file protein02.txt (compact mmCIF, C-alpha atoms)
# COMPACT_ATOMS: atom_id res chain seq x y z
CA MET C 214 -27.08 -11.25 -22.89
CA SER C 215 -28.78 -8.10 -24.00
CA ASN C 216 -27.38 -6.13 -26.91
CA VAL C 217 -27.53 -2.96 -24.82
CA ILE C 218 -25.13 -4.37 -22.23
CA SER C 219 -22.67 -5.80 -24.76
CA GLN C 220 -22.56 -2.61 -26.84
CA SER C 221 -22.58 0.07 -24.12
CA LYS C 222 -19.30 1.67 -23.03
CA THR C 223 -19.19 0.41 -19.47
CA VAL C 224 -16.07 -0.58 -17.57
CA ALA C 225 -15.46 -2.30 -14.24
CA PHE C 226 -12.22 -2.50 -12.26
CA HIS C 227 -10.76 -4.77 -9.61
CA THR C 228 -7.39 -4.10 -7.99
CA LEU C 229 -5.18 -6.61 -6.20
CA GLY C 230 -2.14 -5.80 -4.10
CA CYS C 231 -0.57 -2.57 -2.98
CA LYS C 232 -1.56 1.09 -2.67
CA LEU C 233 0.49 1.80 -5.79
CA ASN C 234 -1.80 -0.46 -7.82
CA PHE C 235 -4.84 1.38 -6.47
CA ALA C 236 -3.34 4.71 -7.53
CA GLU C 237 -2.68 3.39 -11.03
CA THR C 238 -6.13 1.80 -11.38
CA SER C 239 -7.73 5.10 -10.42
CA THR C 240 -5.68 6.97 -13.04
CA ILE C 241 -6.59 4.46 -15.77
CA ALA C 242 -10.25 4.74 -14.73
CA ARG C 243 -10.11 8.51 -15.21
CA GLN C 244 -8.61 8.00 -18.70
CA LEU C 245 -11.51 5.74 -19.67
CA THR C 246 -14.25 7.90 -18.16
CA ASP C 247 -12.78 10.92 -19.98
CA ALA C 248 -13.09 8.84 -23.17
CA GLY C 249 -16.79 8.21 -22.57
CA TYR C 250 -16.80 5.00 -20.55
CA GLN C 251 -19.17 4.65 -17.62
CA LYS C 252 -17.68 3.00 -14.54
CA VAL C 253 -19.78 0.25 -12.91
CA ASN C 254 -19.28 -2.17 -10.04
CA PHE C 255 -17.23 -5.27 -10.79
CA ASP C 256 -20.11 -7.70 -10.23
CA GLU C 257 -22.38 -5.81 -12.64
CA PRO C 258 -22.61 -6.45 -16.41
CA ALA C 259 -19.95 -4.39 -18.23
CA LYS C 260 -18.44 -4.25 -21.67
CA VAL C 261 -14.89 -4.26 -20.26
CA TYR C 262 -13.44 -5.71 -17.04
CA ILE C 263 -9.94 -4.59 -16.05
CA ILE C 264 -8.08 -6.53 -13.35
CA ASN C 265 -4.92 -4.90 -12.00
CA THR C 266 -2.82 -7.72 -10.58
CA CYS C 267 -0.16 -8.29 -7.97
CA SER C 268 2.45 -11.03 -7.88
CA VAL C 269 4.13 -10.61 -4.52
CA THR C 270 2.73 -13.92 -3.30
CA GLU C 271 1.53 -17.08 -4.97
CA ASN C 272 -1.95 -16.41 -3.61
CA ALA C 273 -2.16 -13.19 -5.62
CA ASP C 274 -1.83 -15.18 -8.86
CA LYS C 275 -4.70 -17.43 -7.76
CA GLU C 276 -6.78 -14.40 -6.86
CA CYS C 277 -6.41 -13.12 -10.43
CA LYS C 278 -8.01 -16.31 -11.76
CA LEU C 279 -10.80 -16.03 -9.21
CA HIS C 280 -11.70 -12.52 -10.34
CA VAL C 281 -11.64 -13.52 -14.01
CA LYS C 282 -14.35 -16.05 -13.12
CA ARG C 283 -16.31 -13.28 -11.36
CA ALA C 284 -16.16 -11.14 -14.50
CA VAL C 285 -17.28 -14.02 -16.74
CA LYS C 286 -20.19 -14.67 -14.39
CA ALA C 287 -21.24 -11.00 -14.45
CA ASN C 288 -21.16 -10.85 -18.28
CA PRO C 289 -20.01 -13.85 -20.36
CA GLU C 290 -19.68 -11.53 -23.37
CA GLY C 291 -17.61 -8.92 -21.52
CA LEU C 292 -14.03 -8.21 -22.54
CA ILE C 293 -11.47 -9.01 -19.84
CA ALA C 294 -8.09 -7.25 -19.69
CA ILE C 295 -5.32 -8.12 -17.23
CA ILE C 296 -2.67 -5.56 -16.27
CA GLY C 297 -0.17 -5.19 -13.42
CA CYS C 298 2.74 -7.18 -12.05
CA TYR C 299 1.39 -10.67 -12.75
CA ALA C 300 0.65 -9.59 -16.34
CA GLN C 301 4.27 -8.50 -16.80
CA LEU C 302 5.75 -11.62 -15.22
CA LYS C 303 3.46 -14.34 -16.64
CA PRO C 304 1.71 -13.03 -19.79
CA GLU C 305 1.64 -16.43 -21.54
CA GLU C 306 0.21 -18.12 -18.47
CA ILE C 307 -2.52 -15.49 -18.14
CA SER C 308 -3.39 -15.59 -21.84
CA GLY C 309 -4.48 -19.20 -21.40
CA ILE C 310 -6.98 -18.41 -18.61
CA GLU C 311 -10.46 -18.96 -19.96
CA GLY C 312 -12.24 -15.66 -20.46
CA VAL C 313 -9.16 -13.39 -20.70
CA ASP C 314 -8.94 -11.35 -23.91
CA LEU C 315 -6.05 -8.92 -23.37
CA VAL C 316 -2.83 -8.95 -21.35
CA LEU C 317 -0.83 -5.72 -21.04
CA GLY C 318 2.68 -5.50 -19.60
CA ALA C 319 4.28 -2.71 -17.59
CA LYS C 320 4.89 -0.50 -20.62
CA GLU C 321 1.43 -0.84 -22.18
CA LYS C 322 -1.02 -0.66 -19.27
CA PHE C 323 -1.43 3.11 -19.42
CA ASN C 324 -2.22 2.82 -23.16
CA ILE C 325 -5.10 0.42 -22.59
CA LEU C 326 -7.58 2.74 -24.28
CA SER C 327 -5.83 2.30 -27.63
CA TYR C 328 -6.30 -1.48 -27.43
CA LEU C 329 -9.96 -1.56 -26.45
CA ASP C 330 -11.59 -0.19 -29.62
CA ASP C 331 -10.51 -3.13 -31.77
CA LEU C 332 -10.64 -5.80 -29.07
CA GLU C 333 -12.94 -8.75 -29.66
CA LYS C 334 -13.97 -11.61 -27.42
CA SER C 335 -11.32 -14.34 -27.64
CA GLU C 336 -12.24 -17.97 -28.27
CA SER C 337 -8.76 -19.24 -27.38
CA TYR C 338 -5.68 -17.34 -26.24
CA ALA C 339 -5.72 -13.66 -25.33
CA GLN C 340 -3.82 -10.90 -27.11
CA ILE C 341 -0.52 -10.16 -25.38
CA HIS C 342 1.20 -6.79 -25.57
CA SER C 343 4.22 -7.11 -23.34
CA CYS C 344 7.75 -5.79 -23.25
CA GLU C 345 11.18 -6.52 -21.89
CA ILE C 346 11.13 -4.99 -18.43
CA ASP C 347 14.12 -2.75 -19.18
CA GLU C 348 11.83 -0.90 -21.64
CA ALA C 349 9.69 0.24 -18.68
CA ASP C 350 11.93 3.23 -18.00
CA PHE C 351 9.37 6.05 -18.05
CA PHE C 352 7.15 7.44 -15.31
CA VAL C 353 3.38 7.89 -15.36
CA GLY C 354 2.04 9.97 -12.49
CA SER C 355 -1.01 8.52 -10.74
CA TYR C 356 -3.28 9.07 -7.79
CA SER C 357 -6.45 7.46 -6.48
CA ILE C 358 -9.54 9.44 -5.53
CA GLY C 359 -12.08 6.68 -4.90
CA ASP C 360 -12.10 7.28 -1.17
CA ARG C 361 -13.58 10.55 0.06
CA THR C 362 -11.16 10.83 2.95
CA ARG C 363 -7.78 9.84 1.49
CA ALA C 364 -5.90 9.55 -1.79
CA PHE C 365 -2.91 7.41 -2.75
CA LEU C 366 -0.36 9.56 -4.59
CA LYS C 367 2.29 7.78 -6.65
CA VAL C 368 5.67 9.52 -6.48
CA GLN C 369 8.05 6.73 -7.55
CA ASP C 370 8.04 3.41 -9.43
CA GLY C 371 10.38 0.44 -9.91
CA CYS C 372 13.30 -0.72 -7.81
CA ASP C 373 17.06 -1.16 -8.30
CA TYR C 374 17.46 -3.39 -5.25
CA LYS C 375 18.14 -7.09 -5.76
CA CYS C 376 16.45 -8.69 -2.74
CA THR C 377 16.71 -12.43 -3.29
CA TYR C 378 13.03 -13.19 -2.65
CA CYS C 379 11.44 -10.39 -4.68
CA THR C 380 9.98 -10.29 -8.20
CA ILE C 381 8.99 -6.62 -8.15
CA PRO C 382 12.05 -5.37 -10.11
CA LEU C 383 11.17 -7.95 -12.79
CA ALA C 384 7.57 -6.73 -12.82
CA ARG C 385 8.05 -2.97 -12.55
CA GLY C 386 11.53 -2.23 -13.84
CA ILE C 387 14.16 0.25 -12.74
CA SER C 388 13.74 2.91 -10.08
CA ARG C 389 12.34 6.15 -11.47
CA SER C 390 10.49 9.14 -10.07
CA ASP C 391 7.91 11.77 -10.86
CA THR C 392 9.13 15.37 -10.93
CA ILE C 393 8.60 17.42 -7.81
CA ASP C 394 6.55 19.93 -9.83
CA ASN C 395 4.19 17.19 -11.02
CA VAL C 396 3.85 15.61 -7.57
CA VAL C 397 3.00 19.01 -6.09
CA ALA C 398 0.51 19.69 -8.91
CA ASN C 399 -1.20 16.34 -8.26
CA ALA C 400 -1.32 17.10 -4.54
CA LYS C 401 -3.04 20.41 -5.29
CA GLU C 402 -5.58 18.62 -7.52
CA ILE C 403 -6.32 16.24 -4.67
CA ALA C 404 -6.68 19.12 -2.20
CA ALA C 405 -9.16 20.81 -4.56
CA ARG C 406 -11.41 17.73 -4.23
CA ASP C 407 -11.67 18.24 -0.46
CA ILE C 408 -9.74 15.05 0.28
CA LYS C 409 -8.18 15.43 3.69
CA GLU C 410 -5.34 12.89 3.57
CA ILE C 411 -2.68 11.88 1.04
CA VAL C 412 -0.71 8.64 1.31
CA LEU C 413 2.59 8.76 -0.60
CA THR C 414 3.15 5.53 -2.53
CA GLY C 415 5.76 3.88 -4.72
CA VAL C 416 7.82 0.71 -4.91
CA ASN C 417 10.80 2.25 -3.10
CA ILE C 418 9.79 5.79 -2.20
CA GLY C 419 12.92 6.48 -0.17
CA ASP C 420 14.81 6.27 -3.48
CA TYR C 421 12.79 9.24 -4.73
CA GLY C 422 14.67 11.50 -7.14
CA LYS C 423 16.39 8.79 -9.16
CA GLY C 424 15.14 8.95 -12.75
CA GLU C 425 13.26 12.19 -12.18
CA PHE C 426 14.70 13.66 -15.38
CA GLY C 427 15.33 10.47 -17.33
CA ASN C 428 18.72 9.68 -15.84
CA LYS C 429 19.96 7.81 -12.78
CA LYS C 430 21.16 10.91 -10.96
CA HIS C 431 19.46 12.22 -7.84
CA GLU C 432 18.73 15.84 -8.65
CA HIS C 433 16.28 15.79 -5.73
CA THR C 434 15.94 13.57 -2.69
CA PHE C 435 13.07 12.19 -0.64
CA LEU C 436 13.77 14.97 1.88
CA ASP C 437 13.39 17.56 -0.89
CA LEU C 438 10.08 15.99 -1.91
CA ILE C 439 8.49 15.97 1.53
CA SER C 440 9.78 19.47 2.22
CA GLU C 441 7.89 20.77 -0.84
CA LEU C 442 4.74 18.76 -0.13
CA ASP C 443 4.64 20.15 3.39
CA LYS C 444 4.04 23.58 1.85
CA VAL C 445 0.92 22.56 -0.11
CA ASP C 446 -2.20 24.27 1.21
CA GLY C 447 -5.44 22.36 1.63
CA ILE C 448 -4.06 18.97 2.64
CA GLU C 449 -4.63 18.29 6.31
CA ARG C 450 -2.55 15.11 6.47
CA ILE C 451 0.21 13.43 4.50
CA ARG C 452 1.15 9.86 5.41
CA ILE C 453 4.34 8.14 4.24
CA SER C 454 3.78 4.56 3.13
CA SER C 455 6.45 1.86 3.41
CA ILE C 456 10.01 3.23 3.34
CA GLU C 457 13.30 1.29 3.53
CA PRO C 458 15.19 1.81 6.82
CA ASN C 459 18.46 2.64 5.07
CA LEU C 460 16.69 5.39 3.09
CA LEU C 461 14.79 6.87 6.03
CA LYS C 462 17.29 9.48 7.11
CA ASP C 463 17.33 11.35 10.41
CA GLU C 464 16.63 14.60 8.54
CA SER C 465 13.36 13.20 7.17
CA ILE C 466 12.35 11.97 10.63
CA GLU C 467 13.10 15.41 12.05
CA LEU C 468 11.04 17.11 9.33
CA VAL C 469 8.03 14.89 10.04
CA SER C 470 8.33 15.64 13.76
CA LYS C 471 8.02 19.38 13.07
CA SER C 472 5.73 19.22 10.03
CA ARG C 473 2.35 20.91 9.72
CA SER C 474 0.91 18.11 7.54
CA PHE C 475 3.04 14.94 7.77
CA VAL C 476 1.66 12.62 10.42
CA PRO C 477 3.67 10.64 13.02
CA HIS C 478 3.31 7.25 11.34
CA PHE C 479 6.07 5.19 9.71
CA HIS C 480 5.96 1.78 8.08
CA ILE C 481 9.47 0.36 7.83
CA PRO C 482 10.20 -3.07 6.29
CA LEU C 483 12.45 -5.26 8.42
CA GLN C 484 11.87 -8.72 6.84
CA SER C 485 14.11 -10.48 9.38
CA GLY C 486 15.59 -9.76 12.80
CA SER C 487 18.55 -12.02 12.00
CA ASP C 488 21.60 -10.38 10.42
CA GLU C 489 22.50 -13.73 8.85
CA LEU C 490 19.17 -13.86 7.02
CA LEU C 491 19.24 -10.16 6.11
CA LYS C 492 22.50 -10.84 4.29
CA LYS C 493 20.99 -13.85 2.49
CA MET C 494 18.04 -11.68 1.51
CA LYS C 495 20.48 -9.01 0.20
CA ARG C 496 18.83 -6.32 2.27
CA ARG C 497 20.84 -3.10 2.53
CA TYR C 498 20.98 -2.78 6.32
CA LEU C 499 21.44 -4.87 9.45
CA THR C 500 19.48 -4.94 12.69
CA LYS C 501 21.71 -2.28 14.33
CA LEU C 502 20.66 0.36 11.79
CA TYR C 503 17.01 -0.69 12.02
CA ASN C 504 17.10 -0.36 15.79
CA GLU C 505 18.65 3.11 15.45
CA ARG C 506 15.86 4.27 13.11
CA VAL C 507 13.10 3.10 15.45
CA ASN C 508 14.76 4.72 18.46
CA LYS C 509 15.28 7.98 16.58
CA ILE C 510 11.56 8.11 15.79
CA ARG C 511 10.68 7.38 19.41
CA GLU C 512 13.11 10.08 20.57
CA VAL C 513 11.48 12.90 18.58
CA MET C 514 7.92 11.48 18.30
CA PRO C 515 7.17 9.36 21.38
CA ASP C 516 3.58 8.68 20.24
CA ALA C 517 4.35 7.82 16.61
CA ALA C 518 2.93 4.63 15.10
CA ILE C 519 5.68 2.36 13.75
CA GLY C 520 4.66 -0.57 11.56
CA VAL C 521 6.99 -3.37 10.46
CA ASP C 522 6.98 -5.83 7.54
CA VAL C 523 8.50 -9.23 8.34
CA ILE C 524 8.86 -12.49 6.38
CA VAL C 525 8.76 -15.90 8.04
CA GLY C 526 9.99 -19.17 6.56
CA PHE C 527 12.78 -17.79 4.37
CA PRO C 528 15.19 -20.55 3.23
CA GLY C 529 17.68 -21.31 5.98
CA GLU C 530 15.51 -19.82 8.74
CA THR C 531 16.19 -22.27 11.54
CA GLU C 532 14.21 -22.22 14.77
CA GLU C 533 17.12 -20.35 16.36
CA LEU C 534 17.19 -17.68 13.62
CA PHE C 535 13.42 -17.28 13.78
CA MET C 536 13.65 -16.70 17.51
CA GLU C 537 16.26 -14.01 16.84
CA THR C 538 13.61 -12.24 14.79
CA TYR C 539 10.91 -12.84 17.42
CA ASN C 540 13.03 -11.53 20.27
CA PHE C 541 14.31 -8.56 18.27
CA LEU C 542 10.72 -7.51 17.48
CA ASN C 543 9.52 -8.20 21.01
CA ASP C 544 12.15 -5.81 22.39
CA LEU C 545 11.50 -3.04 19.83
CA PRO C 546 9.10 -0.19 20.71
CA ILE C 547 6.94 -0.75 17.60
CA SER C 548 3.16 -0.57 17.10
CA TYR C 549 2.15 -3.43 14.80
CA LEU C 550 3.46 -6.01 12.30
CA HIS C 551 2.54 -7.05 8.77
CA VAL C 552 3.57 -10.71 8.63
CA PHE C 553 4.23 -12.48 5.31
CA THR C 554 4.83 -16.18 4.85
CA TYR C 555 7.67 -16.79 2.40
CA SER C 556 6.61 -18.37 -0.89
CA GLU C 557 8.97 -19.47 -3.64
CA ARG C 558 8.86 -17.23 -6.71
CA GLU C 559 10.29 -18.12 -10.11
CA ASN C 560 13.43 -16.30 -11.31
CA THR C 561 14.52 -15.31 -7.81
CA GLU C 562 17.74 -16.37 -6.08
CA ALA C 563 15.93 -17.53 -2.97
CA ALA C 564 13.90 -20.11 -4.91
CA ASP C 565 17.11 -22.12 -5.47
CA MET C 566 18.48 -21.78 -1.94
CA GLN C 567 18.97 -24.75 0.35
CA GLY C 568 17.19 -25.10 3.68
CA ALA C 569 13.54 -24.79 2.68
CA VAL C 570 11.31 -24.45 5.74
CA PRO C 571 8.38 -26.91 5.81
CA ILE C 572 5.02 -25.24 5.09
CA PRO C 573 3.47 -26.19 8.47
CA GLU C 574 6.45 -24.59 10.24
CA ARG C 575 6.08 -21.42 8.14
CA LYS C 576 2.42 -21.22 9.19
CA LYS C 577 3.29 -21.78 12.85
CA ARG C 578 5.87 -18.96 12.80
CA ASN C 579 3.41 -16.68 11.01
CA LYS C 580 0.85 -17.29 13.76
CA MET C 581 3.42 -16.57 16.49
CA LEU C 582 4.27 -13.20 14.96
CA ARG C 583 0.62 -12.32 14.38
CA ILE C 584 -0.03 -12.90 18.09
CA LEU C 585 3.00 -10.71 18.88
CA SER C 586 1.62 -8.05 16.52
CA GLU C 587 -1.70 -8.00 18.38
CA LYS C 588 0.17 -7.70 21.69
CA LYS C 589 2.24 -4.76 20.35
CA LYS C 590 -0.85 -3.07 18.94
CA MET C 591 -2.73 -3.34 22.24
CA GLU C 592 0.29 -2.01 24.15
CA PHE C 593 0.44 0.95 21.78
CA TYR C 594 -3.32 1.56 21.98
CA ARG C 595 -3.24 1.44 25.79
CA SER C 596 -0.45 4.05 25.77
CA GLN C 597 -2.78 6.42 23.90
CA LEU C 598 -5.83 6.14 26.19
CA GLY C 599 -6.89 9.43 27.73
CA LYS C 600 -5.11 11.52 25.08
CA LYS C 601 -6.88 14.16 23.01
CA LEU C 602 -6.16 13.56 19.34
CA PRO C 603 -7.60 14.55 15.95
CA VAL C 604 -9.44 11.79 14.08
CA LEU C 605 -10.47 11.77 10.41
CA TRP C 606 -13.86 10.05 10.12
CA GLU C 607 -14.58 7.75 7.17
CA HIS C 608 -17.85 7.49 5.26
CA GLU C 609 -18.90 3.88 5.87
CA ASP C 610 -21.84 3.05 8.13
CA LYS C 611 -21.11 -0.39 9.61
CA ASN C 612 -24.03 -1.56 11.72
CA GLY C 613 -24.67 1.93 12.99
CA MET C 614 -21.01 2.69 13.72
CA MET C 615 -18.44 4.82 11.93
CA TYR C 616 -14.65 4.59 12.08
CA GLY C 617 -11.65 6.80 11.63
CA PHE C 618 -7.92 7.05 12.29
CA THR C 619 -5.93 9.40 14.46
CA GLU C 620 -2.78 10.92 13.00
CA ASN C 621 -0.77 8.15 14.64
CA TYR C 622 -2.94 5.42 13.13
CA VAL C 623 -5.14 4.47 16.07
CA ARG C 624 -8.51 3.22 14.79
CA VAL C 625 -11.44 4.69 16.70
CA SER C 626 -15.22 4.28 16.48
CA LYS C 627 -18.40 6.11 17.41
CA PRO C 628 -22.10 5.94 16.53
CA PHE C 629 -22.61 6.89 12.87
CA ASP C 630 -23.13 10.61 12.29
CA GLU C 631 -23.37 11.75 8.68
CA LYS C 632 -22.18 15.25 9.58
CA SER C 633 -18.84 13.80 10.72
CA ILE C 634 -17.98 12.14 7.38
CA ASN C 635 -14.64 13.41 6.02
CA GLN C 636 -14.28 15.73 9.00
CA ILE C 637 -11.38 15.97 11.42
CA GLU C 638 -12.56 16.17 15.01
CA GLN C 639 -10.68 16.42 18.28
CA ILE C 640 -11.58 13.43 20.45
CA ILE C 641 -10.42 11.83 23.70
CA LEU C 642 -9.47 8.15 23.45
CA ASP C 643 -11.52 6.36 26.09
CA LYS C 644 -11.23 2.55 26.11
CA ILE C 645 -10.36 -0.44 23.94
CA LEU C 646 -13.46 -2.27 22.72
CA GLU C 647 -13.93 -5.99 22.13
CA ASP C 648 -13.42 -5.52 18.37
CA GLY C 649 -9.97 -3.97 18.99
CA ASN C 650 -10.98 -0.41 18.14
CA ILE C 651 -11.03 2.47 20.64
CA SER C 652 -14.16 4.28 21.74
CA ILE C 653 -14.18 8.02 22.27
CA LYS C 654 -15.03 9.80 25.47
CA GLU C 655 -18.32 11.64 25.51
CA THR C 656 -17.25 15.25 25.96
CA GLN C 657 -20.41 17.22 25.17
CA PHE C 658 -20.91 18.21 28.82
CA GLU C 659 -17.24 19.17 29.20
CA ASP C 660 -17.45 21.24 26.02
CA PHE C 661 -20.55 22.97 27.37
CA LEU C 662 -18.83 23.82 30.64
CA ALA C 663 -15.81 25.16 28.75
CA LYS C 664 -18.01 27.64 26.91
CA ILE C 665 -19.56 29.27 30.01

call {"tool": "encode", "arguments": {"input": "protein02.txt", "output": "structure tokens"}}
result
Amino acid sequence: MSNVISQSKTVAFHTLGCKLNFAETSTIARQLTDAGYQKVNFDEPAKVYIINTCSVTENADKECKLHVKRAVKANPEGLIAIIGCYAQLKPEEISGIEGVDLVLGAKEKFNILSYLDDLEKSESYAQIHSCEIDEADFFVGSYSIGDRTRAFLKVQDGCDYKCTYCTIPLARGISRSDTIDNVVANAKEIAARDIKEIVLTGVNIGDYGKGEFGNKKHEHTFLDLISELDKVDGIERIRISSIEPNLLKDESIELVSKSRSFVPHFHIPLQSGSDELLKKMKRRYLTKLYNERVNKIREVMPDAAIGVDVIVGFPGETEELFMETYNFLNDLPISYLHVFTYSERENTEAADMQGAVPIPERKKRNKMLRILSEKKKMEFYRSQLGKKLPVLWEHEDKNGMMYGFTENYVRVSKPFDEKSINQIEQIILDKILEDGNISIKETQFEDFLAKI
């Protein structure tokens, strides 16, 4: 390995998991580039490799190990630091992975710069700088700007809910929020970079306001936040990421329906369509409330996209209870599903519950819901054909085609045109293609006739 590579201040990043992780990685990257580091691709030789981990599923832990191997292959002398949820939950386990030199918990990850100067390649176990999760009671504002068309803006962190399957409160700590002033300032910074779309992210963004000023009181609410963001000039679109159904109030739905910048797209976790299982999961709603939220959205925004998270194979999920979920989702006017197969996680109540569902059955149920998701998506897409909608075009050229999303999350394609990158254009949705995307209607002649 050349001395130039090992001594230069280069850094590479890889992010696993959610939009929140991407926002935080981007913020840490800006800290390091401000300190003189040059960012390079993850498969290139670098002095430092930083892997921001997830631990929602068992597979995410395995992915961390896979990317450590990638970093070692790119530069055997490179320093490897692990941050994120897996690093908080399993620091000792990670420290024993060959090649890892530094493990930073939830409290330390934003101070990574202070650890790098004195860090040396480890021959055995990595350095661990972790904390008790109740020490992670402060907020660090973050946003991602790697994509030219959209940015992930972190507004909230942590969670006070005690869902029986979830390790996120153990990995990220208590619910806390950025101040409205800081969120608005970050949104203005993003707008100044000519980024057209902001996606609001957090662990439990509907709980926004808690911890805003270092206490557990709600001085502001999620409604207050989106009301202020709707006033920010320069942002064409704001998209709300996943929000709990019990925290998505009618007032917020009404605001989005009348907003100048918030788009008609909601992603609302359900997890199960069985009230019996929702209670075992310690969710804070039942199917009646969920149904009311979806119907309220449809009432005021008939063309809104509504996405749903659902878990299959939770302990005690009999065939009958699974079919309750299937039928509930089949009857709901939703647009698509994100389907997760339950996996046992240490230090969660569900891991000790009776009635484990065999793995093959979990996979079968997952497949059934994925097929249902595709059916729902196609139904939704067909309902949009012939409509004239604005699409934000992305920068990638994939085999001569470019792609973009309408406000209501319909993915469309057209032949690549560099002038369209990061532009919002009015298009007519024409037909569903074999790849599942929608083509646009050629309207040049119609536009010409309209001008004469």

call {"tool": "closest_residue", "arguments": {"input": "protein02.txt", "among": "C:Leu326, C:Leu233, C:Leu302, C:Ile295", "to": "Asp247 in chain C", "atoms": "all atoms listed in the file"}}
result
C:Leu326

call {"tool": "atom_distance", "arguments": {"input": "protein02.txt", "atom1": "CA of Lys278 in chain C", "atom2": "CA of Ile310 in chain C"}}
result
7.2 Å

call {"tool": "closest_atom_pairs", "arguments": {"input": "protein02.txt", "of": "range 390-480 of chain C", "to": "range 361-371 of chain C", "cutoff": "9 Å", "atoms": "only C-alpha atoms", "output": "JSON lines"}}
result
{"residue": "C:Ser390", "atom": "CA", "partner": "C:Gln369", "partner_atom": "CA", "distance": 4.3}
{"residue": "C:Asp391", "atom": "CA", "partner": "C:Val368", "partner_atom": "CA", "distance": 5.4}
{"residue": "C:Thr392", "atom": "CA", "partner": "C:Val368", "partner_atom": "CA", "distance": 8.1}
{"residue": "C:Ile393", "atom": "CA", "partner": "C:Val368", "partner_atom": "CA", "distance": 8.5}
{"residue": "C:Val396", "atom": "CA", "partner": "C:Val368", "partner_atom": "CA", "distance": 6.4}
{"residue": "C:Asn399", "atom": "CA", "partner": "C:Leu366", "partner_atom": "CA", "distance": 7.8}
{"residue": "C:Ala400", "atom": "CA", "partner": "C:Leu366", "partner_atom": "CA", "distance": 7.6}
{"residue": "C:Ile403", "atom": "CA", "partner": "C:Ala364", "partner_atom": "CA", "distance": 7.3}
{"residue": "C:Arg406", "atom": "CA", "partner": "C:Arg361", "partner_atom": "CA", "distance": 8.6}
{"residue": "C:Asp407", "atom": "CA", "partner": "C:Arg361", "partner_atom": "CA", "distance": 7.9}
{"residue": "C:Ile408", "atom": "CA", "partner": "C:Thr362", "partner_atom": "CA", "distance": 5.2}
{"residue": "C:Lys409", "atom": "CA", "partner": "C:Thr362", "partner_atom": "CA", "distance": 5.5}
{"residue": "C:Glu410", "atom": "CA", "partner": "C:Arg363", "partner_atom": "CA", "distance": 4.4}
{"residue": "C:Ile411", "atom": "CA", "partner": "C:Ala364", "partner_atom": "CA", "distance": 4.9}
{"residue": "C:Val412", "atom": "CA", "partner": "C:Phe365", "partner_atom": "CA", "distance": 4.8}
{"residue": "C:Leu413", "atom": "CA", "partner": "C:Leu366", "partner_atom": "CA", "distance": 5.0}
{"residue": "C:Thr414", "atom": "CA", "partner": "C:Lys367", "partner_atom": "CA", "distance": 4.8}
{"residue": "C:Gly415", "atom": "CA", "partner": "C:Gln369", "partner_atom": "CA", "distance": 4.6}
{"residue": "C:Val416", "atom": "CA", "partner": "C:Asp370", "partner_atom": "CA", "distance": 5.3}
{"residue": "C:Asn417", "atom": "CA", "partner": "C:Gln369", "partner_atom": "CA", "distance": 6.9}
{"residue": "C:Ile418", "atom": "CA", "partner": "C:Gln369", "partner_atom": "CA", "distance": 5.7}
{"residue": "C:Gly419", "atom": "CA", "partner": "C:Gln369", "partner_atom": "CA", "distance": 8.8}
{"residue": "C:Asp420", "atom": "CA", "partner": "C:Gln369", "partner_atom": "CA", "distance": 7.9}
{"residue": "C:Tyr421", "atom": "CA", "partner": "C:Gln369", "partner_atom": "CA", "distance": 6.1}
{"residue": "C:Gly422", "atom": "CA", "partner": "C:Gln369", "partner_atom": "CA", "distance": 8.2}
{"residue": "C:Lys423", "atom": "CA", "partner": "C:Gln369", "partner_atom": "CA", "distance": 8.7}
{"residue": "C:Glu425", "atom": "CA", "partner": "C:Gln369", "partner_atom": "CA", "distance": 8.9}
{"residue": "C:Arg450", "atom": "CA", "partner": "C:Arg363", "partner_atom": "CA", "distance": 8.9}

call {"tool": "atom_distance", "arguments": {"input": "protein02.txt", "atom1": "CA of Val469 in chain C", "atom2": "CA of Glu432 in chain C"}}
result
21.6 Å

call {"tool": "residues_around", "arguments": {"input": "protein02.txt", "residues": "Leu545 in chain C", "least_positions_apart": "4", "cutoff": "9 Å", "atoms": "all atoms listed in the file", "output": "PyMOL selection string"}}
result
chain C and resi 504+507-508+540-541

call {"tool": "residues_near_point", "arguments": {"input": "protein02.txt", "point": "(4.3, -9.9, -1.6)", "cutoff": "8 Å", "atoms": "all atoms listed in the file", "output": "count of residues only"}}
result
6

call {"tool": "residues_around", "arguments": {"input": "protein02.txt", "residues": "Thr246 in chain C", "least_positions_apart": "5", "cutoff": "12 Å", "atoms": "only C-alpha atoms", "output": "JSON list (two decimals) with C-alpha atoms, in the coordinates of the input"}}
result
[["chain", "number", "residue", "atom", "x", "y", "z"],
["C", 222, "LYS", "CA", -19.30, 1.67, -23.03],
["C", 223, "THR", "CA", -19.19, 0.41, -19.47],
["C", 224, "VAL", "CA", -16.07, -0.58, -17.57],
["C", 225, "ALA", "CA", -15.46, -2.30, -14.24],
["C", 239, "SER", "CA", -7.73, 5.10, -10.42],
["C", 240, "THR", "CA", -5.68, 6.97, -13.04],
["C", 241, "ILE", "CA", -6.59, 4.46, -15.77],
["C", 251, "GLN", "CA", -19.17, 4.65, -17.62],
["C", 252, "LYS", "CA", -17.68, 3.00, -14.54],
["C", 253, "VAL", "CA", -19.78, 0.25, -12.91],
["C", 326, "LEU", "CA", -7.58, 2.74, -24.28]]
